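Shown below: structure_25.txt, with compact mmCIF, C-alpha atoms and all ligand atoms.
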# COMPACT_ATOMS: atom_id res chain seq x y z
CA MET A 1 81.52 201.27 339.96
CA THR A 2 81.76 197.63 340.91
CA THR A 3 81.73 196.07 344.36
CA ALA A 4 85.40 195.23 343.98
CA ALA A 5 86.32 198.92 343.88
CA ALA A 6 84.26 199.77 346.96
CA LYS A 7 86.28 200.46 350.10
CA HIS A 8 83.12 199.99 352.12
CA PRO A 9 81.57 196.83 350.67
CA LYS A 10 78.99 196.41 353.47
CA ASP A 11 77.68 199.95 353.03
CA PHE A 12 77.74 199.46 349.29
CA ALA A 13 75.75 196.21 349.45
CA LEU A 14 73.20 197.78 351.79
CA LEU A 15 72.61 200.76 349.49
CA GLN A 16 72.36 198.50 346.48
CA ARG A 17 69.43 196.85 348.26
CA VAL A 18 67.91 200.28 348.96
CA ALA A 19 68.34 201.19 345.30
CA ALA A 20 66.47 198.01 344.40
CA GLY A 21 63.57 199.14 346.60
CA ASP A 22 64.22 196.93 349.63
CA GLU A 23 62.18 198.41 352.49
CA ALA A 24 64.03 196.56 355.26
CA ALA A 25 67.35 197.88 353.99
CA ALA A 26 65.95 201.42 353.84
CA GLY A 27 64.72 201.08 357.43
CA GLU A 28 68.08 199.75 358.57
CA VAL A 29 70.04 202.63 357.02
CA MET A 30 67.73 205.25 358.50
CA GLN A 31 67.63 203.60 361.93
CA SER A 32 71.40 203.43 362.16
CA LEU A 33 72.01 207.09 361.23
CA GLY A 34 68.75 208.96 361.91
CA GLY A 35 69.34 209.88 365.56
CA GLU A 36 72.86 211.12 364.98
CA MET A 37 71.77 213.09 361.92
CA PHE A 38 68.91 214.74 363.79
CA GLY A 39 71.23 215.72 366.62
CA PHE A 40 73.61 217.37 364.18
CA ALA A 41 70.80 219.17 362.33
CA ARG A 42 69.34 220.41 365.59
CA ARG A 43 72.60 221.80 366.85
CA MET A 44 73.41 223.42 363.52
CA LEU A 45 69.99 225.01 363.06
CA ALA A 46 68.86 225.58 366.66
CA ASP A 47 65.29 225.29 365.36
CA GLU A 48 63.21 222.13 365.75
CA GLN A 49 61.12 222.52 362.63
CA ALA A 50 64.06 223.44 360.42
CA ALA A 51 65.99 220.46 361.81
CA GLU A 52 63.09 218.10 361.09
CA ASP A 53 62.81 219.43 357.54
CA ALA A 54 66.55 219.05 356.94
CA LEU A 55 66.52 215.50 358.30
CA GLN A 56 63.49 214.52 356.25
CA GLU A 57 64.95 215.93 353.03
CA ALA A 58 68.32 214.35 353.66
CA LEU A 59 66.83 210.91 354.32
CA LEU A 60 64.59 211.10 351.30
CA GLY A 61 67.56 212.21 349.22
CA LEU A 62 69.53 209.27 350.56
CA LEU A 63 66.85 206.74 349.60
CA ARG A 64 66.25 208.28 346.19
CA THR A 65 69.91 208.51 345.20
CA ALA A 66 71.08 205.28 346.81
CA ARG A 67 72.20 203.97 343.43
CA ASN A 68 74.77 206.80 343.20
CA PHE A 69 76.62 205.60 346.30
CA ASP A 70 79.82 203.91 345.14
CA GLY A 71 81.29 202.77 348.46
CA ARG A 72 84.52 204.69 348.03
CA GLU A 73 83.69 206.64 351.17
CA SER A 74 81.68 205.41 354.13
CA LEU A 75 77.90 205.62 354.11
CA ARG A 76 78.08 207.92 357.12
CA THR A 77 80.35 210.38 355.30
CA TRP A 78 78.11 210.31 352.24
CA VAL A 79 74.92 210.79 354.22
CA PHE A 80 76.31 213.57 356.38
CA ARG A 81 77.38 215.46 353.27
CA ILE A 82 73.80 215.26 351.97
CA LEU A 83 72.53 216.42 355.37
CA ARG A 84 75.06 219.23 355.55
CA ASN A 85 73.79 220.59 352.23
CA LYS A 86 70.15 220.29 353.34
CA ILE A 87 71.01 222.28 356.46
CA ILE A 88 72.50 225.03 354.29
CA ASP A 89 69.28 224.93 352.19
CA GLN A 90 67.27 225.48 355.37
CA TYR A 91 69.35 228.55 356.20
CA ARG A 92 68.65 229.98 352.75
CA LYS A 93 64.94 229.10 352.78
CA ARG A 94 64.50 230.79 356.12
CA GLY A 95 66.45 233.86 355.07
CA ARG A 96 69.07 233.34 357.75
CA ASP A 97 72.56 234.73 357.27
CA LEU A 98 75.23 232.16 356.63
CA VAL A 99 78.49 233.64 357.82
CA VAL A 100 81.75 231.91 356.93
CA SER A 101 85.07 233.05 358.36
CA ASP A 102 88.73 232.12 358.15
CA ALA A 103 89.71 234.72 360.71
CA ASP A 104 91.98 233.69 363.55
CA PRO A 105 90.53 235.14 366.78
CA GLU A 106 94.04 235.56 368.22
CA ALA A 107 95.61 237.00 365.06
CA ALA A 108 96.37 240.32 366.77
CA SER A 109 97.10 238.90 370.22
CA PHE A 110 100.84 238.30 369.93
CA SER A 111 103.85 240.60 369.97
CA ALA A 112 106.58 240.42 367.30
CA SER A 113 108.59 238.12 369.58
CA GLY A 114 105.63 235.70 369.69
CA HIS A 115 104.40 236.37 373.22
CA TRP A 116 100.92 237.32 374.39
CA LYS A 117 100.47 241.08 374.39
CA ASN A 118 98.06 240.65 377.26
CA MET A 119 98.98 237.70 379.47
CA ASP A 120 96.34 238.25 382.07
CA PHE A 121 94.47 234.95 381.74
CA GLN A 122 92.51 234.07 384.87
CA PRO A 123 91.55 230.46 385.52
CA TRP A 124 87.81 229.84 385.22
CA ASN A 125 85.93 228.76 388.30
CA GLU A 126 84.73 225.19 388.15
CA SER A 127 81.08 225.71 387.39
CA ALA A 128 78.07 224.04 385.89
CA GLU A 129 77.59 227.28 384.01
CA LEU A 130 80.45 226.55 381.62
CA LEU A 131 78.35 224.18 379.47
CA GLU A 132 75.69 226.85 379.03
CA VAL A 133 78.27 229.50 378.24
CA VAL A 134 79.98 227.27 375.67
CA GLN A 135 76.66 226.43 374.06
CA HIS A 136 75.78 230.12 373.81
CA CYS A 137 79.20 231.01 372.40
CA MET A 138 78.97 228.23 369.81
CA GLU A 139 75.73 229.69 368.50
CA LEU A 140 77.63 232.91 367.76
CA LEU A 141 80.31 231.14 365.69
CA PRO A 142 80.60 231.50 361.92
CA HIS A 143 78.82 228.62 360.18
CA ASN A 144 81.97 226.81 359.01
CA GLN A 145 83.56 226.87 362.46
CA ARG A 146 80.36 225.58 364.05
CA GLU A 147 80.20 222.76 361.50
CA ALA A 148 83.75 221.75 362.38
CA LEU A 149 83.05 221.72 366.11
CA GLN A 150 79.79 219.82 365.72
CA LEU A 151 81.35 217.19 363.47
CA LYS A 152 84.25 216.83 365.88
CA ALA A 153 81.73 216.12 368.65
CA ILE A 154 80.19 213.15 366.84
CA ASP A 155 81.30 209.83 368.31
CA GLU A 156 84.07 208.15 366.40
CA LEU A 157 83.89 210.42 363.40
CA SER A 158 87.49 210.90 362.27
CA ALA A 159 89.12 214.12 361.05
CA GLN A 160 89.41 212.39 357.67
CA GLU A 161 85.65 211.75 357.54
CA ALA A 162 84.82 215.26 358.76
CA SER A 163 87.04 216.81 356.09
CA GLU A 164 85.37 214.67 353.39
CA ILE A 165 81.94 215.80 354.59
CA LEU A 166 83.00 219.44 354.41
CA GLY A 167 84.91 219.04 351.14
CA VAL A 168 88.19 220.39 352.54
CA SER A 169 91.61 218.91 353.31
CA VAL A 170 92.26 217.37 356.71
CA ALA A 171 94.73 220.17 357.49
CA ASN A 172 92.10 222.75 356.58
CA PHE A 173 89.48 221.01 358.73
CA ARG A 174 91.87 221.00 361.68
CA GLN A 175 92.55 224.71 361.20
CA ILE A 176 88.84 225.58 361.07
CA LEU A 177 88.28 223.47 364.20
CA HIS A 178 91.16 225.20 365.97
CA ARG A 179 89.89 228.67 365.18
CA GLY A 180 86.39 227.71 366.23
CA ARG A 181 87.58 226.42 369.59
CA ALA A 182 89.76 229.50 370.09
CA SER A 183 86.79 231.77 369.29
CA VAL A 184 84.58 229.93 371.77
CA ARG A 185 87.32 230.15 374.41
CA LYS A 186 87.58 233.89 373.90
CA CYS A 187 83.82 234.38 374.06
CA ALA A 188 83.52 232.11 377.12
CA ASP A 189 86.36 233.95 378.86
CA ASP A 190 84.41 237.20 378.55
CA LYS A 191 81.27 235.58 379.98
CA MET A 192 83.04 233.70 382.75
CA GLY A 193 84.76 236.96 383.74
CA GLU A 194 81.39 238.72 383.95
CA SER A 195 79.94 236.18 386.35
CA ALA A 196 83.03 236.21 388.59
CA ALA A 197 82.99 240.01 388.90
CA MET B 1 109.53 219.71 364.26
CA LYS B 2 109.40 223.18 365.74
CA PRO B 3 111.78 223.75 368.66
CA GLU B 4 110.59 227.40 368.68
CA ILE B 5 107.29 226.14 370.11
CA ALA B 6 109.06 226.00 373.47
CA GLN B 7 109.88 229.74 373.28
CA ARG B 8 106.98 231.31 371.42
CA CYS B 9 103.37 231.54 372.63
CA ASP B 10 102.08 232.14 369.10
CA LEU B 11 103.55 228.85 367.84
CA PHE B 12 102.35 227.06 370.96
CA TYR B 13 98.87 228.45 370.28
CA GLN B 14 98.92 227.18 366.68
CA VAL B 15 99.38 223.53 367.71
CA LEU B 16 96.98 223.53 370.67
CA SER B 17 94.09 221.80 368.92
CA ASP B 18 96.35 219.00 367.74
CA PHE B 19 97.83 218.78 371.24
CA VAL B 20 94.40 218.55 372.89
CA ASP B 21 93.29 215.91 370.36
CA GLY B 22 96.47 213.86 370.76
CA ALA B 23 97.21 214.46 367.07
CA LEU B 24 100.62 216.04 367.65
CA GLU B 25 103.90 214.33 366.78
CA GLU B 26 105.89 213.24 369.77
CA VAL B 27 108.77 215.67 369.16
CA ASP B 28 106.41 218.62 369.05
CA MET B 29 104.73 217.28 372.18
CA THR B 30 107.97 217.69 374.12
CA TYR B 31 108.27 221.32 372.96
CA VAL B 32 104.69 221.98 374.03
CA GLU B 33 105.40 220.51 377.45
CA GLU B 34 108.57 222.55 377.73
CA HIS B 35 106.63 225.70 376.86
CA LEU B 36 104.07 224.90 379.54
CA ARG B 37 106.79 224.62 382.16
CA LEU B 38 108.12 228.05 381.20
CA CYS B 39 104.88 229.95 380.62
CA PRO B 40 102.08 230.16 383.24
CA PRO B 41 99.74 232.23 381.01
CA CYS B 42 99.77 229.54 378.33
CA GLU B 43 99.04 226.95 381.00
CA VAL B 44 95.84 228.80 381.90
CA TYR B 45 95.05 229.29 378.21
CA LEU B 46 95.46 225.56 377.60
CA ASP B 47 93.14 224.67 380.50
CA GLN B 48 90.44 226.91 379.06
CA PHE B 49 90.96 225.67 375.53
CA ARG B 50 90.69 222.08 376.72
CA ALA B 51 87.58 222.88 378.78
CA VAL B 52 85.94 224.24 375.60
CA ALA B 53 86.87 221.14 373.61
CA GLU B 54 85.47 218.88 376.34
CA ALA B 55 82.28 220.92 376.76
CA ASN B 56 81.70 220.59 373.02
CA GLN B 57 81.84 216.80 373.34
CA ARG B 58 79.52 216.80 376.35
CA LEU B 59 76.93 219.00 374.63
CA GLN B 60 76.49 216.37 371.99
CA ALA B 61 73.64 214.22 373.20
CA LYS B 62 71.65 211.95 370.93
CA ALA B 63 68.27 213.30 369.94
CA ASP B 64 65.17 211.73 371.51
CA ALA B 65 63.91 208.72 369.64
CA PRO B 66 60.15 209.51 369.31
CA GLU B 67 60.36 212.38 366.81
CA VAL B 68 63.12 210.67 364.83
CA ASP B 69 61.00 207.51 364.52
CA ARG B 70 58.06 209.58 363.30
CA ILE B 71 60.23 211.25 360.67
CA LEU B 72 61.69 207.90 359.56
CA ARG B 73 58.18 206.49 359.09
CA GLN B 74 57.12 209.55 357.07
CA VAL B 75 60.17 209.32 354.85
CA LEU B 76 59.65 205.61 354.27
CA ALA B 77 56.00 206.24 353.32
CA GLN B 78 56.95 209.04 350.90
CA TRP B 79 59.64 206.93 349.33
CA GLN B 80 57.27 204.01 348.83
CA ALA B 81 54.55 206.22 347.39
CA ALA B 82 57.03 207.59 344.84
CA LYS B 83 58.14 204.07 343.90
CA GLY B 84 54.54 203.12 343.13
CA ASP B 85 54.19 205.94 340.58
ZN ZN A 201 103.27 230.98 376.31
Give the structure from the file, written as structure tokens.
Amino acid sequence: MTTAAAKHPKDFALLQRVAAGDEAAAGEVMQSLGGEMFGFARRMLADEQAAEDALQEALLGLLRTARNFDGRESLRTWVFRILRNKIIDQYRKRGRDLVVSDADPEAASFSASGHWKNMDFQPWNESAELLEVVQHCMELLPHNQREALQLKAIDELSAQEASEILGVSVANFRQILHRGRASVRKCADDKMGESAA
Amino acid sequence: MKPEIAQRCDLFYQVLSDFVDGALEEVDMTYVEEHLRLCPPCEVYLDQFRAVAEANQRLQAKADAPEVDRILRQVLAQWQAAKGD
């Protein structure tokens, strides 16, 4: 892979310097992405130590394999894919279940004519509680849906980048995201109903 | 282009994420808006769906710097030690 073929020449040049052992370049890469990566690891693992381990392994992997980066995708996409795999490793190491689901939470909610079987949606009260409820409900999501929501939440990370990180098509990413949001809505609706009663 | 979106809650539901993210084509957008005018339950559903999407964005706060800086220093040290081998 030559620089000419790289779509992200700046990222490519920076990682070439890392591959050559340039400490300043290594520091720059880690400074620019470390905080964001840790945030993602923390939210995915909900465990400080596991998140630290995942971040550490991902960053070390990044520095050690810098020469493999070809600049066809952005550095951020490349690094988040490494991190994503280290997070999955942490799940396995800690014996935690990794549930993946394609199920649509509303699959059985519509009549043959396409209308809600149960239309009794009640507006939620404006409350500070909603953030807590959503956070709780997100922790209950299947792993792949949680990944989609967490990637979506990262500033200026496009659906294209998120799908590259997850190794799926953009359409597939958008579907996983949709089902994740719908699952959280359903879960939150149950909780919000409880507190109103 | 799905004119049935205006009539069917299930099709409306399918495009909600794209609608909330502004990723829907303009034609479909008009069908979604038409559906909303006709269907109060979906209006409530949309409000909740959007509230979830927004809460997800708000929950994303950058991690505190101190521990990240410590980890970065450790990683840099490990990397350099390995280079010296
Ligand atoms: Zn409807």
Q) With only C-alpha atoms as the basis for distance, which of B:Gln48, B:Ser17, B:Gln80, B:Gln74 is at the shortest distance from Lys152 (chain A)? A)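 Of B:Gln48, B:Ser17, B:Gln80, B:Gln74, the one nearest Lys152 (chain A), counting only C-alpha atoms, is B:Ser17.
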Any chance you could tabulate, as a Markdown table, the residues of chain A at most 9 Å from ligand ZN 201 (chain A) with each one's nearest atom pair and distance in Å to one decimal, using all atoms listed in the file, in chain and rising number order?
| residue | atom | partner | partner_atom | distance |
| --- | --- | --- | --- | --- |
| A:Gly114 | CA | A:ZN201 | ZN | 8.5 |
| A:His115 | CA | A:ZN201 | ZN | 6.3 |
| A:Trp116 | CA | A:ZN201 | ZN | 7.0 |
| A:Met119 | CA | A:ZN201 | ZN | 8.6 |
Q: For chain B, list the residues within 6 Å of chain A, counting all atoms listed in the file, and write the list as a list in words.
A: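 Only these qualify: Arg8, Cys9, Asp10, Ser17, Pro41, Val44, Phe49, Ala55, Gln57, Lys62, Ala63 and Val75 of chain B.
Look at Ser163 (chain A): the protein and nucleic acid residues within 9 Å of it, using only C-alpha atoms and passing over chain neighbours fewer than 4 places away, are Ala148, Ser158, Ala159, Gly167, Val168, Ser169, Val170, Ala171, Asn172, Phe173 and Arg174 of chain A.
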Q) In Å, with one decimal, what is the gap from CA of Arg72 (chain A) to CA of Ser32 (chain A)? A)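 These atoms are spaced 19.3 Å apart.
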Q. When distances are computed from only C-alpha atoms, which of B:Gly22, B:Ala51, B:Ala6, B:Val15 shows the smallest separation from Leu36 (chain B)?
A.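 Smallest separation from Leu36 (chain B) among the options: B:Ala6.
When CA of Phe80 (chain A) is paired with CA of Glu25 (chain B), their separation reads 29.5 Å.
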Q: Give the answer as one residue: which of A:Met192, A:Ala6, A:Ala13, A:Ala19 has the shortest atom-to-atom distance to Cys137 (chain A), using all atoms listed in the file?
A: A:Met192
(Q) Using Å and a single decimal, report how far CA of Asp11 (chain A) sits from CA of Leu75 (chain A). (A)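 According to the coordinates, CA of Leu75 (chain A) and CA of Asp11 (chain A) are separated by 5.8 Å.
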Q: Can you pull out every residue within 10 Å of Ile88 (chain A), counting all atoms listed in the file, but drop anything in the same chain fewer than 5 positions away, and send it as a PyMOL selection string?
A: chain A and resi 44-45+54+83+93+96+98+143
Can you spit out the residues from that selection as a short mmCIF file (atom, residue, chain, number, x, y, z; two decimals), in the frame of the given file, using C-alpha atoms?
data_model
loop_
_atom_site.label_atom_id
_atom_site.label_comp_id
_atom_site.auth_asym_id
_atom_site.auth_seq_id
_atom_site.Cartn_x
_atom_site.Cartn_y
_atom_site.Cartn_z
CA MET A 44 73.41 223.42 363.52
CA LEU A 45 69.99 225.01 363.06
CA ALA A 54 66.55 219.05 356.94
CA LEU A 83 72.53 216.42 355.37
CA LYS A 93 64.94 229.10 352.78
CA ARG A 96 69.07 233.34 357.75
CA LEU A 98 75.23 232.16 356.63
CA HIS A 143 78.82 228.62 360.18
#
(Q) Which residues are close to Leu16 (chain B), i.e. within 9 Å by only C-alpha atoms, leaving aside same-chain residues fewer than 5 positions away? Reply as a list in words. (A)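 Selected residues are His178 of chain A; Leu11, Asp21, Leu24, Val32, Leu46, Phe49 and Arg50 of chain B.
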Output the selection as a PDB file, in the frame of the given file - C-alpha atoms for each residue.
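The resulting out24.pdb:
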ATOM      1  CA  HIS A 178      91.160 225.200 365.970  1.00  0.00           C
TER       2      HIS A 178
ATOM      3  CA  LEU B  11     103.550 228.850 367.840  1.00  0.00           C
ATOM      4  CA  ASP B  21      93.290 215.910 370.360  1.00  0.00           C
ATOM      5  CA  LEU B  24     100.620 216.040 367.650  1.00  0.00           C
ATOM      6  CA  VAL B  32     104.690 221.980 374.030  1.00  0.00           C
ATOM      7  CA  LEU B  46      95.460 225.560 377.600  1.00  0.00           C
ATOM      8  CA  PHE B  49      90.960 225.670 375.530  1.00  0.00           C
ATOM      9  CA  ARG B  50      90.690 222.080 376.720  1.00  0.00           C
TER      10      ARG B  50
END
